[in-house]
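The structure appears below as structure tokens.
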Amino acid sequence: MRCVSLTIPWVLGKLIAVAAERTGEILAVMIGLVAAYAALHIMRTLFNELKNILFISIVQRMMRIMSFDLLSHLHHLPLAFHLSRQTGGLAIAIERGTKSIEFLLSSALFGFLPPLLEVLAVGFIFWGLYGLPYAVAIGLTIVCYIVFTILVTKWRLKFRRRVNDANETANTRAIDSLLNHETVKIFSAEQREVERYDNTMARYEQASIVNQRTLSLLNLGQALIATVGLTATLLLASYDTSAGLLDVGALATLNAYLLQVFLPLGYLGDIYRSITRSLVDMEKIFDLLDQPSSVADDPAAQDLPPGAGQIELRNVALSLGGRAVLHDISFTVPAGKRYALVGETGSGKTSITRLLARLLDPDSGQIFIDGHNIRQLTQLSVRRALAFVPQDVVMFNDSLRMNITFGKPDATDEEIAEALTTSGLDKFVAALPDGLGTEVGERGLKLSGGERQRLAIARALLKHPRIFVLDEATSALDMPTETRIKQAMDTATANHTTLVIAHRLSTVRDCDRIFVLDSGYLVESGTHDELLKQDGLYALSWTIQSKQADRVATSAA
């Protein structure tokens with residue numbers, strides 16, 4: 001394509017030279033040259049479109065591979081990363097980075113090298129057709145243009161980073177505000193939230209203005225260098241024309257080749273600037289891909305073999321953010337038994353379940369499932385053996401069916417119906433116009449807290465796991481519903497290892513054994529009756545909760 005472009009000015013010059021001579025069969029020659037000129041233009045367009053058609057498949061596949069690898073890496077990063085991430089800023093950084101990949105690939109393959117070769121080729125053409133002075137004038141212009149562009153573009157990188165940082169902050173603020181819109185409305189903070197967002201947008205506005213000013217400075221400098229080089233070349237050509245060294249056709253060809261130099265040269269400046277900007281935009285993606293995972297499978301890790309679901313913790317300790325969360329925890333949950341973890345908020349109950357699922361790894365100690373150290377097992381096989389019913393249930397913005405079958409996508413209608421009945425959702429789903437096709441909204445906000453919790457119970461039951469982990473699984477339910485679902489859950493989890501986390505001690509009194517945690521220490525263990533006899537922390541909590549329940553019952557009466 002570039003060879004065709006380089007031929008066009010030469011054909012145009014010949015056409016003008018023939019027209020100026022007015023000798024011989026001028027019309028036939030000119031028609032031939034015009035036809036050649038038109039054919040070259042069509043060929044250039046054709047080659048350009050063929051390039052685009054071939055290139056689009058390469059670019060889109062590379063973007064797909066990069067997006068796949070990035071999302072896969074993000075999902076494999078440890079819980080600590082996801083607890084501290086800023087979703088809005090991360091999303092805009094990923095979108096900006098993936099788009100930059102497309103531009104960078106197109107620029108590197110077709111945008112930068114061909115124009116550069118074209119500029120160099122024109123320089124040699126000038127040397128061959130018009131002599132060394134013309135080649136020197138063009139060469140000096142090119143060198144000055146490139147050096148100026150590189151130096152100023154490097155200086156401008158810091159301003160682009162400021163724009164990106166401000167943009168990510170603003171997007172994070174907007175997404176965070178929208179995700180918490182109920183809290184914003186309840187506290188009548190709409191105006192305050194908008195003002196907070198506007199403050200971040202003000203920083204983005206100022207950063208963008210400064211960035212544009214430096215860009216304008218770069219463009220003006222480039223234009224000045226190109227104009228000086230063009231003027232010097234034309235002055236030299238004017239002198240040679242007046243001296244009879246150049247004819248009209250040669251002058252026209254010279255002018256066309258000058259355009260052939262300065263147009264690609266300007267394009268090269270834009271390309272180089274855009275490439276460096278794309279690299280800055282991709283920095284976040286590179287940082288994410290370089291983010292190490294503190295929870296990783298051992299190279300020799302094996303899948304968890306079949307078993308009954310026994311859990312054992314041996315001298316487990318954990319610190320998060322420099323704060324000790326668990327201290328030398330040891331206990332065993334026999335297969336098929338129902339054990340409970342109780343304690344005040346922050347005592348370490350949820351941390352134990354996260355360690356069990358290998359969302360975190362302990363600082364010291366070991367965790368076993370059916371006698372197998374989970375650090376020597378694949379994370380995927382460990383998590384397949386578990387089913388969680390969390391206290392804070394979050395749904396995907398999809399259908400009820402998708403959310404219920406998330407742990408078992410191939411579940412049959414009969415299995416789904418059984419899980420719905422056990423969790424008390426069957427009548428609710430039957431009353432919906434779209435049934436299981438009903439959209440639950442972002443984070444499941446179209447459902448009530450109790451409905452989300454029952455859906456999480458159905459999802460866990462449908463998975464048929466080896467081990468159930470119930471983290472305040474019925475906390476969002478009213479007492480009659482809680483009693484009914486608890487009985488159904490007891491039936492469904494019978495003969496399954498079950499680890500229950502609860503604040504309300506009345507919900508765990510029938511567990512086979514209860515572990516009491518306090519500030520990360522395992523301080524008591526036993527059955528409900530044994531713990532009451534110990535007259536320790538559990539007994540004190542039971543007395544307080546019993547008095548509170550009596551007061552509520554008295555008030556209701």
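Numbering starts fresh at 1 for the residues of each chain in the structure tokens, the chains themselves are lettered A, B, ... in the order given, and ligands are numbered from 1 as they appear.
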Could you give me, as a PDB file with N, CA, C and O atoms, in the first residue's frame, the residues within 6 Å of Thr438 (chain A), counting only C-alpha atoms and dropping anything in the same chain fewer than 2 positions from it?
ATOM      1  N   SER A 399     -31.416 -14.030  36.471  1.00  0.00           N
ATOM      2  CA  SER A 399     -32.684 -14.657  36.834  1.00  0.00           C
ATOM      3  C   SER A 399     -32.573 -15.427  38.140  1.00  0.00           C
ATOM      4  O   SER A 399     -31.470 -15.757  38.613  1.00  0.00           O
ATOM      5  N   LEU A 400     -33.741 -15.746  38.706  1.00  0.00           N
ATOM      6  CA  LEU A 400     -33.771 -16.583  39.897  1.00  0.00           C
ATOM      7  C   LEU A 400     -33.144 -17.946  39.609  1.00  0.00           C
ATOM      8  O   LEU A 400     -32.386 -18.478  40.418  1.00  0.00           O
ATOM      9  N   ASP A 434     -43.107 -14.473  35.987  1.00  0.00           N
ATOM     10  CA  ASP A 434     -42.047 -15.096  35.190  1.00  0.00           C
ATOM     11  C   ASP A 434     -41.392 -16.272  35.897  1.00  0.00           C
ATOM     12  O   ASP A 434     -40.421 -16.842  35.376  1.00  0.00           O
ATOM     13  N   GLY A 435     -41.887 -16.625  37.079  1.00  0.00           N
ATOM     14  CA  GLY A 435     -41.344 -17.775  37.790  1.00  0.00           C
ATOM     15  C   GLY A 435     -39.845 -17.683  37.997  1.00  0.00           C
ATOM     16  O   GLY A 435     -39.321 -16.647  38.431  1.00  0.00           O
ATOM     17  N   LEU A 436     -39.137 -18.761  37.676  1.00  0.00           N
ATOM     18  CA  LEU A 436     -37.684 -18.791  37.844  1.00  0.00           C
ATOM     19  C   LEU A 436     -36.962 -17.872  36.874  1.00  0.00           C
ATOM     20  O   LEU A 436     -35.770 -17.610  37.043  1.00  0.00           O
TER      21      LEU A 436
END
Show which residues sit within 12 Å of region 206-210 of chain A, as number ranges by chain. Count only C-alpha atoms, and ignore same-chain residues fewer than 6 positions away. A: 156-167, 199-200, 216-217
Can you write out the residues you just picked, keeping C-alpha atoms, as a short mmCIF file (atom, residue, chain, number, x, y, z; two decimals), in the first residue's frame?
data_model
loop_
_atom_site.label_atom_id
_atom_site.label_comp_id
_atom_site.auth_asym_id
_atom_site.auth_seq_id
_atom_site.Cartn_x
_atom_site.Cartn_y
_atom_site.Cartn_z
CA ARG A 156 3.48 14.95 29.33
CA LEU A 157 3.12 11.42 30.75
CA LYS A 158 2.70 12.66 34.31
CA PHE A 159 -0.25 14.80 33.25
CA ARG A 160 -1.92 11.78 31.61
CA ARG A 161 -1.45 9.78 34.81
CA ARG A 162 -3.14 12.56 36.77
CA VAL A 163 -6.10 12.44 34.38
CA ASN A 164 -6.37 8.66 34.80
CA ASP A 165 -6.16 8.83 38.60
CA ALA A 166 -8.80 11.56 38.75
CA ASN A 167 -11.04 9.61 36.37
CA ASN A 199 -15.52 17.56 43.83
CA THR A 200 -13.83 14.52 42.25
CA SER A 216 -1.62 22.00 22.41
CA LEU A 217 1.95 23.00 23.20
#
Best match for closeness to Ala411 (chain A) among A:Leu235, A:Val152, A:Ala300, A:Leu461, counting only C-alpha atoms: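 Selected residue with least distance to Ala411 (chain A): A:Leu461.
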Please identify the strand (DSSP E) residues within region 392-549 of chain A (assignment by DSSP from backbone atoms) and present them as a compact mmCIF listing (two decimals) with all heavy atoms, in the first residue's frame.
# COMPACT_ATOMS: atom_id res chain seq x y z
N ILE A 467 -19.84 -30.63 52.98
CA ILE A 467 -19.83 -29.82 54.20
C ILE A 467 -20.71 -28.60 53.99
O ILE A 467 -20.56 -27.89 52.99
CB ILE A 467 -18.41 -29.39 54.58
CG1 ILE A 467 -17.52 -30.61 54.84
CG2 ILE A 467 -18.41 -28.46 55.79
CD1 ILE A 467 -16.03 -30.27 54.93
N PHE A 468 -21.61 -28.33 54.93
CA PHE A 468 -22.40 -27.10 54.94
C PHE A 468 -21.77 -26.11 55.92
O PHE A 468 -21.38 -26.48 57.03
CB PHE A 468 -23.84 -27.37 55.39
CG PHE A 468 -24.72 -27.95 54.33
CD1 PHE A 468 -24.93 -29.32 54.26
CD2 PHE A 468 -25.36 -27.13 53.41
CE1 PHE A 468 -25.75 -29.86 53.29
CE2 PHE A 468 -26.18 -27.66 52.43
CZ PHE A 468 -26.38 -29.03 52.37
N VAL A 469 -21.70 -24.84 55.49
CA VAL A 469 -21.27 -23.76 56.38
C VAL A 469 -22.40 -22.74 56.40
O VAL A 469 -22.70 -22.11 55.39
CB VAL A 469 -19.97 -23.10 55.90
CG1 VAL A 469 -19.58 -21.95 56.83
CG2 VAL A 469 -18.84 -24.12 55.82
N LEU A 470 -23.04 -22.60 57.55
CA LEU A 470 -24.21 -21.72 57.69
C LEU A 470 -23.82 -20.54 58.57
O LEU A 470 -23.68 -20.66 59.78
CB LEU A 470 -25.38 -22.49 58.32
CG LEU A 470 -25.71 -23.85 57.68
CD1 LEU A 470 -26.88 -24.51 58.42
CD2 LEU A 470 -26.03 -23.69 56.20
N ASP A 471 -23.62 -19.39 57.95
CA ASP A 471 -23.20 -18.18 58.65
C ASP A 471 -24.43 -17.29 58.88
O ASP A 471 -24.83 -16.54 58.02
CB ASP A 471 -22.15 -17.43 57.82
CG ASP A 471 -21.52 -16.28 58.60
OD1 ASP A 471 -22.00 -15.96 59.70
OD2 ASP A 471 -20.56 -15.68 58.08
N THR A 497 -21.73 -33.02 57.35
CA THR A 497 -20.97 -32.19 58.28
C THR A 497 -21.46 -30.76 58.14
O THR A 497 -21.51 -30.22 57.04
CB THR A 497 -19.47 -32.26 57.98
OG1 THR A 497 -19.06 -33.63 57.97
CG2 THR A 497 -18.67 -31.48 59.00
N THR A 498 -21.83 -30.15 59.27
CA THR A 498 -22.40 -28.80 59.24
C THR A 498 -21.71 -27.93 60.28
O THR A 498 -21.62 -28.31 61.46
CB THR A 498 -23.92 -28.82 59.51
OG1 THR A 498 -24.55 -29.71 58.59
CG2 THR A 498 -24.52 -27.44 59.36
N LEU A 499 -21.22 -26.78 59.83
CA LEU A 499 -20.59 -25.81 60.73
C LEU A 499 -21.49 -24.59 60.75
O LEU A 499 -21.69 -23.93 59.72
CB LEU A 499 -19.19 -25.46 60.24
CG LEU A 499 -18.31 -24.63 61.18
CD1 LEU A 499 -18.08 -25.35 62.50
CD2 LEU A 499 -16.97 -24.31 60.52
N VAL A 500 -22.04 -24.29 61.92
CA VAL A 500 -23.01 -23.20 62.06
C VAL A 500 -22.36 -22.03 62.79
O VAL A 500 -21.72 -22.22 63.83
CB VAL A 500 -24.26 -23.67 62.85
CG1 VAL A 500 -25.28 -22.54 62.94
CG2 VAL A 500 -24.87 -24.89 62.19
N ILE A 501 -22.52 -20.84 62.23
CA ILE A 501 -22.06 -19.62 62.90
C ILE A 501 -23.30 -18.85 63.33
O ILE A 501 -24.22 -18.63 62.52
CB ILE A 501 -21.20 -18.76 61.96
CG1 ILE A 501 -19.93 -19.51 61.60
CG2 ILE A 501 -20.85 -17.43 62.60
CD1 ILE A 501 -19.07 -18.79 60.60
N ALA A 502 -23.34 -18.45 64.58
CA ALA A 502 -24.55 -17.78 65.06
C ALA A 502 -24.22 -16.82 66.18
O ALA A 502 -23.25 -17.00 66.93
CB ALA A 502 -25.56 -18.81 65.55
N ARG A 513 -21.98 -29.98 69.26
CA ARG A 513 -20.94 -29.35 70.07
C ARG A 513 -20.85 -27.88 69.67
O ARG A 513 -21.09 -27.53 68.51
CB ARG A 513 -19.59 -30.04 69.90
CG ARG A 513 -18.56 -29.67 70.97
CD ARG A 513 -17.35 -30.60 70.91
NE ARG A 513 -16.47 -30.42 72.06
CZ ARG A 513 -16.66 -30.97 73.25
NH1 ARG A 513 -17.71 -31.76 73.45
NH2 ARG A 513 -15.82 -30.77 74.25
N ILE A 514 -20.50 -27.05 70.61
CA ILE A 514 -20.43 -25.60 70.39
C ILE A 514 -19.04 -25.12 70.80
O ILE A 514 -18.56 -25.42 71.90
CB ILE A 514 -21.50 -24.86 71.22
CG1 ILE A 514 -22.90 -25.37 70.84
CG2 ILE A 514 -21.40 -23.36 70.99
CD1 ILE A 514 -24.00 -24.90 71.77
N PHE A 515 -18.39 -24.38 69.91
CA PHE A 515 -17.10 -23.75 70.20
C PHE A 515 -17.33 -22.26 70.44
O PHE A 515 -17.99 -21.59 69.64
CB PHE A 515 -16.12 -23.94 69.05
CG PHE A 515 -15.80 -25.38 68.75
CD1 PHE A 515 -16.17 -25.97 67.55
CD2 PHE A 515 -15.11 -26.15 69.68
CE1 PHE A 515 -15.88 -27.28 67.28
CE2 PHE A 515 -14.81 -27.48 69.40
CZ PHE A 515 -15.20 -28.04 68.21
N VAL A 516 -16.78 -21.77 71.54
CA VAL A 516 -16.94 -20.36 71.90
C VAL A 516 -15.63 -19.64 71.65
O VAL A 516 -14.58 -20.03 72.20
CB VAL A 516 -17.35 -20.21 73.38
CG1 VAL A 516 -17.61 -18.73 73.70
CG2 VAL A 516 -18.60 -21.04 73.68
N LEU A 517 -15.69 -18.60 70.82
CA LEU A 517 -14.51 -17.81 70.49
C LEU A 517 -14.59 -16.46 71.17
O LEU A 517 -15.67 -15.87 71.31
CB LEU A 517 -14.40 -17.61 68.97
CG LEU A 517 -14.23 -18.87 68.12
CD1 LEU A 517 -14.30 -18.52 66.65
CD2 LEU A 517 -12.91 -19.56 68.44
N ASP A 518 -13.43 -15.96 71.55
CA ASP A 518 -13.34 -14.62 72.16
C ASP A 518 -12.01 -13.99 71.75
O ASP A 518 -10.95 -14.50 72.10
CB ASP A 518 -13.44 -14.72 73.68
CG ASP A 518 -13.42 -13.34 74.34
OD1 ASP A 518 -13.91 -12.37 73.72
OD2 ASP A 518 -12.89 -13.23 75.47
N TYR A 521 -9.47 -16.33 70.27
CA TYR A 521 -9.08 -17.50 71.06
C TYR A 521 -10.27 -18.44 71.21
O TYR A 521 -11.42 -17.99 71.35
CB TYR A 521 -8.60 -17.08 72.45
CG TYR A 521 -7.29 -16.33 72.46
CD1 TYR A 521 -7.27 -14.94 72.41
CD2 TYR A 521 -6.07 -17.00 72.52
CE1 TYR A 521 -6.08 -14.23 72.42
CE2 TYR A 521 -4.87 -16.30 72.54
CZ TYR A 521 -4.88 -14.92 72.49
OH TYR A 521 -3.69 -14.21 72.51
N LEU A 522 -10.02 -19.74 71.20
CA LEU A 522 -11.04 -20.73 71.50
C LEU A 522 -11.06 -20.90 73.02
O LEU A 522 -10.14 -21.50 73.60
CB LEU A 522 -10.72 -22.05 70.80
CG LEU A 522 -11.70 -23.21 71.04
CD1 LEU A 522 -13.10 -22.83 70.65
CD2 LEU A 522 -11.24 -24.45 70.28
N VAL A 523 -12.08 -20.36 73.68
CA VAL A 523 -12.07 -20.29 75.15
C VAL A 523 -12.94 -21.36 75.80
O VAL A 523 -12.71 -21.71 76.96
CB VAL A 523 -12.52 -18.89 75.62
CG1 VAL A 523 -11.50 -17.83 75.21
CG2 VAL A 523 -13.90 -18.53 75.06
N GLU A 524 -13.97 -21.86 75.08
CA GLU A 524 -14.85 -22.88 75.67
C GLU A 524 -15.34 -23.81 74.57
O GLU A 524 -15.41 -23.42 73.40
CB GLU A 524 -16.07 -22.24 76.36
CG GLU A 524 -15.74 -21.30 77.49
CD GLU A 524 -16.98 -20.58 78.02
OE1 GLU A 524 -18.11 -21.04 77.71
OE2 GLU A 524 -16.83 -19.56 78.71
N SER A 525 -15.69 -25.03 74.95
CA SER A 525 -16.32 -25.95 74.01
C SER A 525 -17.14 -26.96 74.79
O SER A 525 -16.82 -27.29 75.94
CB SER A 525 -15.29 -26.65 73.14
OG SER A 525 -14.52 -27.56 73.91
N GLY A 526 -18.20 -27.43 74.17
CA GLY A 526 -19.07 -28.42 74.80
C GLY A 526 -20.46 -28.35 74.22
O GLY A 526 -20.74 -27.55 73.32
Fewer than 3 positions away in the same chain doesn't count, so skip those; otherwise give me all residues within 7 Å of region 328-338 of chain A, counting only C-alpha atoms, as a PDB file with N, CA, C and O atoms, in the first residue's frame.
ATOM      1  N   ALA A 308     -16.230 -38.334  53.941  1.00  0.00           N
ATOM      2  CA  ALA A 308     -17.472 -38.054  54.663  1.00  0.00           C
ATOM      3  C   ALA A 308     -17.576 -36.603  55.108  1.00  0.00           C
ATOM      4  O   ALA A 308     -18.654 -36.141  55.468  1.00  0.00           O
ATOM      5  N   GLY A 309     -16.449 -35.861  55.138  1.00  0.00           N
ATOM      6  CA  GLY A 309     -16.526 -34.445  55.461  1.00  0.00           C
ATOM      7  C   GLY A 309     -16.013 -34.049  56.833  1.00  0.00           C
ATOM      8  O   GLY A 309     -16.462 -33.044  57.398  1.00  0.00           O
ATOM      9  N   GLN A 310     -15.058 -34.784  57.384  1.00  0.00           N
ATOM     10  CA  GLN A 310     -14.487 -34.394  58.682  1.00  0.00           C
ATOM     11  C   GLN A 310     -13.610 -33.155  58.528  1.00  0.00           C
ATOM     12  O   GLN A 310     -12.843 -33.028  57.565  1.00  0.00           O
ATOM     13  N   ILE A 311     -13.713 -32.239  59.485  1.00  0.00           N
ATOM     14  CA  ILE A 311     -12.918 -31.005  59.495  1.00  0.00           C
ATOM     15  C   ILE A 311     -12.014 -31.022  60.718  1.00  0.00           C
ATOM     16  O   ILE A 311     -12.454 -31.375  61.815  1.00  0.00           O
ATOM     17  N   GLU A 312     -10.769 -30.611  60.510  1.00  0.00           N
ATOM     18  CA  GLU A 312      -9.839 -30.515  61.641  1.00  0.00           C
ATOM     19  C   GLU A 312      -8.942 -29.298  61.475  1.00  0.00           C
ATOM     20  O   GLU A 312      -8.360 -29.099  60.410  1.00  0.00           O
ATOM     21  N   LEU A 313      -8.839 -28.500  62.526  1.00  0.00           N
ATOM     22  CA  LEU A 313      -7.914 -27.372  62.588  1.00  0.00           C
ATOM     23  C   LEU A 313      -6.859 -27.675  63.639  1.00  0.00           C
ATOM     24  O   LEU A 313      -7.203 -28.067  64.778  1.00  0.00           O
ATOM     25  N   ARG A 314      -5.589 -27.498  63.267  1.00  0.00           N
ATOM     26  CA  ARG A 314      -4.491 -27.756  64.192  1.00  0.00           C
ATOM     27  C   ARG A 314      -3.654 -26.495  64.361  1.00  0.00           C
ATOM     28  O   ARG A 314      -2.960 -26.066  63.440  1.00  0.00           O
ATOM     29  N   ASN A 315      -3.748 -25.875  65.521  1.00  0.00           N
ATOM     30  CA  ASN A 315      -2.897 -24.738  65.897  1.00  0.00           C
ATOM     31  C   ASN A 315      -2.897 -23.637  64.826  1.00  0.00           C
ATOM     32  O   ASN A 315      -1.848 -23.133  64.428  1.00  0.00           O
ATOM     33  N   VAL A 316      -4.072 -23.272  64.378  1.00  0.00           N
ATOM     34  CA  VAL A 316      -4.211 -22.290  63.308  1.00  0.00           C
ATOM     35  C   VAL A 316      -4.142 -20.869  63.865  1.00  0.00           C
ATOM     36  O   VAL A 316      -4.810 -20.534  64.844  1.00  0.00           O
ATOM     37  N   ALA A 317      -3.309 -20.053  63.222  1.00  0.00           N
ATOM     38  CA  ALA A 317      -3.190 -18.632  63.579  1.00  0.00           C
ATOM     39  C   ALA A 317      -3.298 -17.801  62.305  1.00  0.00           C
ATOM     40  O   ALA A 317      -2.865 -18.220  61.232  1.00  0.00           O
ATOM     41  N   ASN A 495     -26.780 -36.040  58.392  1.00  0.00           N
ATOM     42  CA  ASN A 495     -25.699 -36.897  57.884  1.00  0.00           C
ATOM     43  C   ASN A 495     -24.688 -36.126  57.044  1.00  0.00           C
ATOM     44  O   ASN A 495     -23.867 -36.733  56.350  1.00  0.00           O
ATOM     45  N   HIS A 496     -24.780 -34.797  57.051  1.00  0.00           N
ATOM     46  CA  HIS A 496     -23.763 -33.946  56.429  1.00  0.00           C
ATOM     47  C   HIS A 496     -23.009 -33.199  57.536  1.00  0.00           C
ATOM     48  O   HIS A 496     -23.609 -32.796  58.539  1.00  0.00           O
ATOM     49  N   THR A 497     -21.728 -33.024  57.353  1.00  0.00           N
ATOM     50  CA  THR A 497     -20.973 -32.190  58.282  1.00  0.00           C
ATOM     51  C   THR A 497     -21.461 -30.758  58.144  1.00  0.00           C
ATOM     52  O   THR A 497     -21.514 -30.220  57.042  1.00  0.00           O
ATOM     53  N   THR A 498     -21.829 -30.151  59.269  1.00  0.00           N
ATOM     54  CA  THR A 498     -22.399 -28.796  59.238  1.00  0.00           C
ATOM     55  C   THR A 498     -21.705 -27.931  60.277  1.00  0.00           C
ATOM     56  O   THR A 498     -21.620 -28.311  61.456  1.00  0.00           O
ATOM     57  N   LEU A 499     -21.215 -26.783  59.833  1.00  0.00           N
ATOM     58  CA  LEU A 499     -20.593 -25.815  60.730  1.00  0.00           C
ATOM     59  C   LEU A 499     -21.485 -24.591  60.753  1.00  0.00           C
ATOM     60  O   LEU A 499     -21.690 -23.934  59.724  1.00  0.00           O
ATOM     61  N   CYS A 511     -27.025 -28.205  68.689  1.00  0.00           N
ATOM     62  CA  CYS A 511     -25.840 -28.683  67.967  1.00  0.00           C
ATOM     63  C   CYS A 511     -25.104 -29.732  68.792  1.00  0.00           C
ATOM     64  O   CYS A 511     -25.167 -29.746  70.037  1.00  0.00           O
ATOM     65  N   ASP A 512     -24.385 -30.603  68.091  1.00  0.00           N
ATOM     66  CA  ASP A 512     -23.653 -31.662  68.788  1.00  0.00           C
ATOM     67  C   ASP A 512     -22.548 -31.100  69.676  1.00  0.00           C
ATOM     68  O   ASP A 512     -22.221 -31.685  70.716  1.00  0.00           O
ATOM     69  N   TYR A 521      -9.465 -16.332  70.268  1.00  0.00           N
ATOM     70  CA  TYR A 521      -9.076 -17.497  71.059  1.00  0.00           C
ATOM     71  C   TYR A 521     -10.273 -18.440  71.210  1.00  0.00           C
ATOM     72  O   TYR A 521     -11.419 -17.985  71.350  1.00  0.00           O
ATOM     73  N   LEU A 522     -10.017 -19.742  71.196  1.00  0.00           N
ATOM     74  CA  LEU A 522     -11.038 -20.726  71.504  1.00  0.00           C
ATOM     75  C   LEU A 522     -11.055 -20.896  73.021  1.00  0.00           C
ATOM     76  O   LEU A 522     -10.144 -21.496  73.600  1.00  0.00           O
TER      77      LEU A 522
END
Pick the closest to Glu168 (chain A) from A:Lys533, A:His528, A:Ala93, A:Tyr538: which is it, counting only C-alpha atoms?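 Smallest distance to Glu168 (chain A) is found for A:Ala93.
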Using only C-alpha atoms for the distances, tell me which of A:Gly424, A:Gly520, A:Gly348, A:Pro465 is nearest to Ala494 (chain A).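 Looking only at the distances to Ala494 (chain A), the closest residue turns out to be A:Pro465.
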Using CA of Asn171 (chain A) and CA of Asp398 (chain A) as the two end points, give the distance in Å to one decimal.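 About the pair CA of Asn171 (chain A) and CA of Asp398 (chain A): they are 23.6 Å apart.
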From CA of Asn403 (chain A) to CA of Leu445 (chain A) the spacing works out at 13.0 Å
Enumerate, as an MDAnalysis selection string, the complete set of residues in region 116-327 of chain A that a backbone-based DSSP assignment places in alpha helix (DSSP H). chainID A and resid 116:130 132:179 181:186 190:242 248:281 283:290
Within 12 Å of Glu193 (chain A) using only C-alpha atoms, minus same-chain residues under 3 positions, as a list in words: Ala170, Arg173, Ala174, Ile175, Asp176, Ser177, Leu178, Asn180, His181, Thr183, Val184, Lys185, Phe187, Ser188, Ala189, Glu190, Arg196, Tyr197, Asp198, Asn199 and Thr200 of chain A
